[in-house]
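J.: File query-v2.txt follows (compact mmCIF, N, CA and C atoms):
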# COMPACT_ATOMS: atom_id res chain seq x y z
N MET B 1 0.82 -1.18 0.00
CA MET B 1 0.00 0.00 0.00
C MET B 1 0.87 1.25 0.00
N THR B 2 1.95 1.21 0.75
CA THR B 2 2.85 2.36 0.80
C THR B 2 3.41 2.67 -0.58
N GLN B 3 3.77 1.62 -1.32
CA GLN B 3 4.32 1.82 -2.66
C GLN B 3 3.27 2.43 -3.59
N ALA B 4 2.04 1.95 -3.51
CA ALA B 4 0.98 2.48 -4.36
C ALA B 4 0.71 3.95 -4.04
N LYS B 5 0.71 4.30 -2.75
CA LYS B 5 0.52 5.70 -2.35
C LYS B 5 1.68 6.57 -2.82
N THR B 6 2.88 6.04 -2.75
CA THR B 6 4.06 6.77 -3.23
C THR B 6 3.99 6.98 -4.74
N ASP B 7 3.61 5.94 -5.46
CA ASP B 7 3.48 6.05 -6.92
C ASP B 7 2.44 7.11 -7.29
N LEU B 8 1.33 7.13 -6.57
CA LEU B 8 0.28 8.10 -6.85
C LEU B 8 0.76 9.52 -6.55
N ALA B 9 1.45 9.71 -5.43
CA ALA B 9 1.97 11.04 -5.08
C ALA B 9 2.98 11.51 -6.12
N GLU B 10 3.84 10.62 -6.57
CA GLU B 10 4.83 10.98 -7.60
C GLU B 10 4.14 11.36 -8.91
N LEU B 11 3.09 10.64 -9.26
CA LEU B 11 2.36 10.97 -10.48
C LEU B 11 1.69 12.33 -10.35
N TYR B 12 1.03 12.58 -9.22
CA TYR B 12 0.40 13.88 -8.99
C TYR B 12 1.42 15.02 -9.12
N ALA B 13 2.63 14.80 -8.64
CA ALA B 13 3.66 15.84 -8.68
C ALA B 13 4.05 16.21 -10.11
N THR B 14 3.84 15.30 -11.06
CA THR B 14 4.21 15.57 -12.45
C THR B 14 3.06 16.18 -13.25
N LEU B 15 1.85 16.17 -12.70
CA LEU B 15 0.68 16.62 -13.44
C LEU B 15 0.40 18.10 -13.20
N THR B 16 -0.34 18.69 -14.13
CA THR B 16 -0.75 20.09 -13.97
C THR B 16 -1.80 20.19 -12.88
N TRP B 17 -2.10 21.41 -12.47
CA TRP B 17 -2.99 21.60 -11.32
C TRP B 17 -4.44 21.30 -11.62
N SER B 18 -4.83 21.22 -12.88
CA SER B 18 -6.23 20.99 -13.23
C SER B 18 -6.37 19.80 -14.16
N VAL B 19 -7.35 18.97 -13.89
CA VAL B 19 -7.62 17.82 -14.76
C VAL B 19 -8.08 18.32 -16.13
N GLU B 20 -8.94 19.32 -16.13
CA GLU B 20 -9.44 19.90 -17.37
C GLU B 20 -8.62 21.12 -17.74
N ALA B 21 -8.60 21.46 -19.01
CA ALA B 21 -7.88 22.67 -19.45
C ALA B 21 -8.54 23.89 -18.80
N MET B 22 -7.72 24.69 -18.13
CA MET B 22 -8.22 25.87 -17.42
C MET B 22 -7.23 27.01 -17.57
N PRO B 23 -7.74 28.24 -17.65
CA PRO B 23 -6.82 29.38 -17.68
C PRO B 23 -6.21 29.59 -16.30
N GLY B 24 -5.01 30.12 -16.30
CA GLY B 24 -4.34 30.41 -15.03
C GLY B 24 -4.79 31.74 -14.48
N TRP B 25 -4.17 32.15 -13.38
CA TRP B 25 -4.48 33.44 -12.77
C TRP B 25 -3.33 33.93 -11.92
N THR B 26 -3.35 35.21 -11.69
CA THR B 26 -2.44 35.84 -10.74
C THR B 26 -3.27 36.84 -9.94
N ARG B 27 -3.28 36.71 -8.65
CA ARG B 27 -4.03 37.62 -7.79
C ARG B 27 -3.11 38.13 -6.69
N ALA B 28 -3.12 39.42 -6.53
CA ALA B 28 -2.37 40.03 -5.44
C ALA B 28 -3.32 40.25 -4.26
N LYS B 29 -2.78 40.21 -3.08
CA LYS B 29 -3.59 40.41 -1.89
C LYS B 29 -4.30 41.76 -1.93
N GLU B 30 -3.60 42.77 -2.41
CA GLU B 30 -4.14 44.12 -2.41
C GLU B 30 -5.30 44.31 -3.39
N THR B 31 -5.45 43.43 -4.37
CA THR B 31 -6.49 43.62 -5.39
C THR B 31 -7.68 42.69 -5.16
N GLY B 32 -7.91 42.32 -3.96
CA GLY B 32 -9.07 41.50 -3.66
C GLY B 32 -8.85 40.02 -3.87
N GLY B 33 -7.62 39.58 -3.94
CA GLY B 33 -7.32 38.17 -4.15
C GLY B 33 -7.44 37.34 -2.89
N GLY B 34 -7.79 37.95 -1.79
CA GLY B 34 -7.94 37.20 -0.55
C GLY B 34 -6.89 37.59 0.46
N TYR B 35 -6.54 36.66 1.31
CA TYR B 35 -5.59 36.92 2.40
C TYR B 35 -4.14 36.78 1.96
N TYR B 36 -3.92 36.25 0.78
CA TYR B 36 -2.56 36.06 0.29
C TYR B 36 -2.56 36.12 -1.24
N ALA B 37 -1.43 36.37 -1.78
CA ALA B 37 -1.29 36.38 -3.23
C ALA B 37 -1.31 34.94 -3.74
N SER B 38 -1.86 34.75 -4.93
CA SER B 38 -1.89 33.40 -5.49
C SER B 38 -1.62 33.46 -6.98
N HIS B 39 -1.08 32.37 -7.49
CA HIS B 39 -0.75 32.30 -8.91
C HIS B 39 -0.85 30.86 -9.38
N ARG B 40 -1.44 30.68 -10.53
CA ARG B 40 -1.46 29.38 -11.20
C ARG B 40 -1.24 29.64 -12.69
N PRO B 41 -0.35 28.88 -13.32
CA PRO B 41 -0.17 29.01 -14.77
C PRO B 41 -1.35 28.35 -15.49
N ASP B 42 -1.48 28.62 -16.78
CA ASP B 42 -2.50 27.94 -17.56
C ASP B 42 -2.29 26.43 -17.46
N SER B 43 -3.38 25.71 -17.40
CA SER B 43 -3.30 24.24 -17.33
C SER B 43 -3.86 23.66 -18.62
N PRO B 44 -3.06 22.87 -19.31
CA PRO B 44 -3.58 22.22 -20.52
C PRO B 44 -4.49 21.04 -20.19
N GLY B 45 -4.58 20.69 -18.92
CA GLY B 45 -5.37 19.54 -18.51
C GLY B 45 -4.56 18.26 -18.59
N TRP B 46 -5.18 17.19 -18.14
CA TRP B 46 -4.51 15.89 -18.15
C TRP B 46 -4.94 15.13 -19.41
N SER B 47 -4.02 14.36 -19.94
CA SER B 47 -4.35 13.51 -21.08
C SER B 47 -5.22 12.35 -20.60
N ASP B 48 -5.85 11.66 -21.55
CA ASP B 48 -6.65 10.49 -21.18
C ASP B 48 -5.79 9.43 -20.50
N ALA B 49 -4.55 9.27 -20.98
CA ALA B 49 -3.64 8.29 -20.38
C ALA B 49 -3.30 8.67 -18.94
N GLU B 50 -3.07 9.97 -18.68
CA GLU B 50 -2.77 10.42 -17.32
C GLU B 50 -3.97 10.21 -16.41
N GLN B 51 -5.16 10.54 -16.91
CA GLN B 51 -6.37 10.32 -16.11
C GLN B 51 -6.55 8.84 -15.79
N GLN B 52 -6.25 7.98 -16.76
CA GLN B 52 -6.36 6.54 -16.54
C GLN B 52 -5.35 6.06 -15.50
N GLN B 53 -4.11 6.57 -15.57
CA GLN B 53 -3.10 6.20 -14.58
C GLN B 53 -3.54 6.58 -13.18
N VAL B 54 -4.06 7.80 -13.03
CA VAL B 54 -4.52 8.26 -11.72
C VAL B 54 -5.66 7.38 -11.23
N ALA B 55 -6.61 7.09 -12.10
CA ALA B 55 -7.75 6.25 -11.71
C ALA B 55 -7.29 4.87 -11.26
N GLU B 56 -6.36 4.28 -11.99
CA GLU B 56 -5.87 2.95 -11.63
C GLU B 56 -5.14 2.96 -10.30
N LEU B 57 -4.29 3.96 -10.09
CA LEU B 57 -3.55 4.02 -8.82
C LEU B 57 -4.48 4.31 -7.65
N ARG B 58 -5.45 5.20 -7.84
CA ARG B 58 -6.41 5.48 -6.77
C ARG B 58 -7.21 4.24 -6.42
N ALA B 59 -7.61 3.48 -7.44
CA ALA B 59 -8.35 2.24 -7.21
C ALA B 59 -7.48 1.23 -6.48
N ARG B 60 -6.20 1.17 -6.82
CA ARG B 60 -5.27 0.25 -6.16
C ARG B 60 -5.10 0.61 -4.68
N VAL B 61 -4.92 1.90 -4.40
CA VAL B 61 -4.77 2.35 -3.01
C VAL B 61 -6.05 2.03 -2.23
N LEU B 62 -7.21 2.29 -2.81
CA LEU B 62 -8.48 2.00 -2.14
C LEU B 62 -8.63 0.51 -1.87
N HIS B 63 -8.32 -0.30 -2.87
CA HIS B 63 -8.43 -1.76 -2.71
C HIS B 63 -7.51 -2.25 -1.59
N LEU B 64 -6.27 -1.81 -1.58
CA LEU B 64 -5.34 -2.24 -0.55
C LEU B 64 -5.75 -1.74 0.82
N SER B 65 -6.25 -0.53 0.90
CA SER B 65 -6.73 0.02 2.18
C SER B 65 -7.89 -0.82 2.71
N GLU B 66 -8.81 -1.17 1.84
CA GLU B 66 -9.94 -2.01 2.24
C GLU B 66 -9.48 -3.37 2.74
N ARG B 67 -8.50 -3.95 2.07
CA ARG B 67 -7.99 -5.26 2.49
C ARG B 67 -7.36 -5.19 3.87
N VAL B 68 -6.63 -4.11 4.14
CA VAL B 68 -6.00 -3.97 5.45
C VAL B 68 -7.05 -3.80 6.54
N VAL B 69 -7.99 -2.90 6.31
CA VAL B 69 -8.98 -2.58 7.34
C VAL B 69 -9.94 -3.73 7.60
N THR B 70 -10.25 -4.51 6.58
CA THR B 70 -11.23 -5.58 6.75
C THR B 70 -10.60 -6.95 6.98
N HIS B 71 -9.30 -7.03 7.14
CA HIS B 71 -8.62 -8.31 7.33
C HIS B 71 -9.11 -8.97 8.62
N ASP B 72 -9.22 -10.29 8.58
CA ASP B 72 -9.71 -11.06 9.74
C ASP B 72 -8.87 -10.86 10.99
N PHE B 73 -7.61 -10.52 10.83
CA PHE B 73 -6.72 -10.33 11.98
C PHE B 73 -7.30 -9.33 12.97
N TRP B 74 -7.92 -8.25 12.45
CA TRP B 74 -8.38 -7.18 13.33
C TRP B 74 -9.49 -7.63 14.27
N SER B 75 -10.21 -8.68 13.93
CA SER B 75 -11.26 -9.18 14.83
C SER B 75 -10.66 -9.87 16.05
N THR B 76 -9.37 -10.18 16.01
CA THR B 76 -8.72 -10.81 17.17
C THR B 76 -8.17 -9.77 18.15
N CYS B 77 -8.23 -8.51 17.79
CA CYS B 77 -7.70 -7.43 18.64
C CYS B 77 -8.80 -6.87 19.53
N ASP B 78 -8.44 -6.58 20.78
CA ASP B 78 -9.40 -5.94 21.69
C ASP B 78 -9.73 -4.53 21.24
N ASP B 79 -8.73 -3.80 20.75
CA ASP B 79 -8.90 -2.41 20.31
C ASP B 79 -8.27 -2.27 18.93
N ALA B 80 -9.04 -2.60 17.89
CA ALA B 80 -8.51 -2.62 16.52
C ALA B 80 -7.96 -1.26 16.08
N PRO B 81 -8.64 -0.14 16.35
CA PRO B 81 -8.07 1.14 15.92
C PRO B 81 -6.71 1.43 16.56
N ALA B 82 -6.55 1.11 17.83
CA ALA B 82 -5.27 1.33 18.49
C ALA B 82 -4.20 0.39 17.91
N ALA B 83 -4.58 -0.83 17.60
CA ALA B 83 -3.64 -1.79 17.00
C ALA B 83 -3.21 -1.32 15.62
N ARG B 84 -4.16 -0.81 14.81
CA ARG B 84 -3.81 -0.30 13.48
C ARG B 84 -2.86 0.89 13.59
N SER B 85 -3.14 1.76 14.55
CA SER B 85 -2.28 2.93 14.75
C SER B 85 -0.87 2.51 15.16
N ALA B 86 -0.78 1.55 16.06
CA ALA B 86 0.53 1.08 16.50
C ALA B 86 1.30 0.45 15.32
N LEU B 87 0.59 -0.31 14.50
CA LEU B 87 1.22 -0.93 13.34
C LEU B 87 1.72 0.14 12.37
N LYS B 88 0.93 1.18 12.18
CA LYS B 88 1.33 2.27 11.28
C LYS B 88 2.63 2.90 11.76
N HIS B 89 2.76 3.12 13.05
CA HIS B 89 3.97 3.74 13.59
C HIS B 89 5.17 2.82 13.52
N VAL B 90 4.96 1.53 13.67
CA VAL B 90 6.06 0.58 13.58
C VAL B 90 6.59 0.52 12.16
N THR B 91 5.70 0.44 11.17
CA THR B 91 6.14 0.32 9.79
C THR B 91 6.73 1.62 9.26
N ALA B 92 6.35 2.74 9.87
CA ALA B 92 6.91 4.04 9.44
C ALA B 92 8.24 4.31 10.11
N GLY B 93 8.64 3.46 11.03
CA GLY B 93 9.91 3.65 11.72
C GLY B 93 9.82 4.69 12.83
N ASP B 94 8.59 5.08 13.17
CA ASP B 94 8.39 6.04 14.25
C ASP B 94 8.58 5.37 15.59
N PRO B 95 8.96 6.12 16.62
CA PRO B 95 9.02 5.53 17.95
C PRO B 95 7.64 5.13 18.43
N ASP B 96 7.58 4.28 19.40
CA ASP B 96 6.34 3.81 19.97
C ASP B 96 5.50 5.00 20.43
N PRO B 97 4.25 5.17 19.90
CA PRO B 97 3.44 6.32 20.25
C PRO B 97 2.92 6.28 21.68
N ALA B 98 2.95 5.13 22.33
CA ALA B 98 2.41 5.00 23.69
C ALA B 98 3.34 5.57 24.74
Written as structure tokens, how would this file's structure read?

T.:
Amino acid sequence: MTQAKTDLAELYATLTWSVEAMPGWTRAKETGGGYYASHRPDSPGWSDAEQQQVAELRARVLHLSERVVTHDFWSTCDDAPAARSALKHVTAGDPDPA
């Protein structure tokens, strides 16, 4: 699951900010752009192949997440959410959260 999430994040980092072709903008705080200045370049949108890659990776992450959460092992735990959290910290190399 970690690999699938990493692959999806890496793909998102290479894509433009909008799935569909959209014009960009530049807004300064002083001209009514809100609390901060913002800027986005024009987005040509994502190609059909890029959209398909994202859909496949998102489906893979969802499938793996479902398998982890619904695995029979969790029915043997007194406190499944705490056990899942502890497992997450162990696999991430974090110190024991307790």

J.: Just the number, please: distance in Å from atom C of B:Trp17 to atom CA of B:Pro44, one decimal.

T.: 9.0 Å

J.: Which of chain B end up as helix (DSSP H, G or I) when DSSP is run on this backbone - answer as an MDAnalysis selection string?

T.: chainID B and resid 2:14 29:31 48:69 72:76 80:91

J.: What lies within 9 Å of B:Ser47 using only C-alpha atoms, ignoring chain neighbours under 4 positions off, as a list of chain:residue names?

T.: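 Listing them by chain and then by number gives B:Val19, B:Glu20, B:Gln51, B:Gln52.
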
J.: Now that the selection is made, can you save its residues with N, CA and C atoms as a compact mmCIF listing (two decimals), in the frame of the given file?

T.:
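To be explicit, this is the file written out as out06.txt:
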# COMPACT_ATOMS: atom_id res chain seq x y z
N VAL B 19 -7.35 18.97 -13.89
CA VAL B 19 -7.62 17.82 -14.76
C VAL B 19 -8.08 18.32 -16.13
N GLU B 20 -8.94 19.32 -16.13
CA GLU B 20 -9.44 19.90 -17.37
C GLU B 20 -8.62 21.12 -17.74
N GLN B 51 -5.16 10.54 -16.91
CA GLN B 51 -6.37 10.32 -16.11
C GLN B 51 -6.55 8.84 -15.79
N GLN B 52 -6.25 7.98 -16.76
CA GLN B 52 -6.36 6.54 -16.54
C GLN B 52 -5.35 6.06 -15.50

J.: Rounded to one decimal place, report the atom N of B:Ala4-atom CA of B:His71 distance in Å.

T.: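 Spanning atom N of B:Ala4 to atom CA of B:His71 is a straight-line distance of 18.3 Å.
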
J.: Between atom C of B:Leu64 and atom CA of B:Ala9, what is the distance in Å, rounded to a tenth?

T.: 16.1 Å

J.: Give me the residues near B:Gln53 as a list in words, where near means some atom within 12 Å (using only C-alpha atoms) and where sequence neighbours in that chain fewer than 2 positions away do not count.

T.: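 Contacts, with the query itself left out: Ala4, Asp7, Leu8, Ala9, Glu10, Leu11, Tyr12, Leu15, Trp46, Ser47, Asp48, Ala49, Glu50, Gln51, Ala55, Glu56, Leu57, Arg58, Ala59 and Arg60 of chain B.
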
J.: Go through B:Ser43, B:Asp79, B:Ala13, B:Arg84 one by one, measure the shortest atom-to-atom distance of each to B:Trp25 using only C-alpha atoms, and give the residue with the smallest value.

T.: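 Of B:Ser43, B:Asp79, B:Ala13, B:Arg84, the one nearest B:Trp25 is B:Ser43, counting only C-alpha atoms.
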
J.: Using all atoms listed in the file, which of B:Val69, B:Leu62, B:Met22, B:Ala28 sits nearest B:Gly45?

T.: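 Of the candidates, the smallest distance to B:Gly45 is held by B:Met22.
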
J.: Which residues, written as a PyMOL selection string, have at least one atom at most 6.5 Å from B:Arg40, with only N, CA and C atoms counted and residues fewer than 4 positions away on the same chain left out?

T.: chain B and resi 23-26

J.: Any idea what's packed within 6 Å of B:Arg27, counting all atoms listed in the file, ignoring anything in its chain fewer than 5 positions away? Could you give it as a PyMOL selection string?

T.: chain B and resi 33+36-39

J.: Mind writing the picked residues with N, CA and C atoms as an mmCIF file, keeping the file's coordinate frame?

T.:
data_model
loop_
_atom_site.group_PDB
_atom_site.id
_atom_site.type_symbol
_atom_site.label_atom_id
_atom_site.label_comp_id
_atom_site.auth_asym_id
_atom_site.auth_seq_id
_atom_site.Cartn_x
_atom_site.Cartn_y
_atom_site.Cartn_z
ATOM 1 N N GLY B 33 -7.620 39.580 -3.940
ATOM 2 C CA GLY B 33 -7.320 38.170 -4.150
ATOM 3 C C GLY B 33 -7.440 37.340 -2.890
ATOM 4 N N TYR B 36 -3.920 36.250 0.780
ATOM 5 C CA TYR B 36 -2.560 36.060 0.290
ATOM 6 C C TYR B 36 -2.560 36.120 -1.240
ATOM 7 N N ALA B 37 -1.430 36.370 -1.780
ATOM 8 C CA ALA B 37 -1.290 36.380 -3.230
ATOM 9 C C ALA B 37 -1.310 34.940 -3.740
ATOM 10 N N SER B 38 -1.860 34.750 -4.930
ATOM 11 C CA SER B 38 -1.890 33.400 -5.490
ATOM 12 C C SER B 38 -1.620 33.460 -6.980
ATOM 13 N N HIS B 39 -1.080 32.370 -7.490
ATOM 14 C CA HIS B 39 -0.750 32.300 -8.910
ATOM 15 C C HIS B 39 -0.850 30.860 -9.380
#

J.: Running DSSP on the backbone, which parts of chain B land in strand (DSSP E), as an NGL selection string?

T.: :B and (25-27 or 38-40)
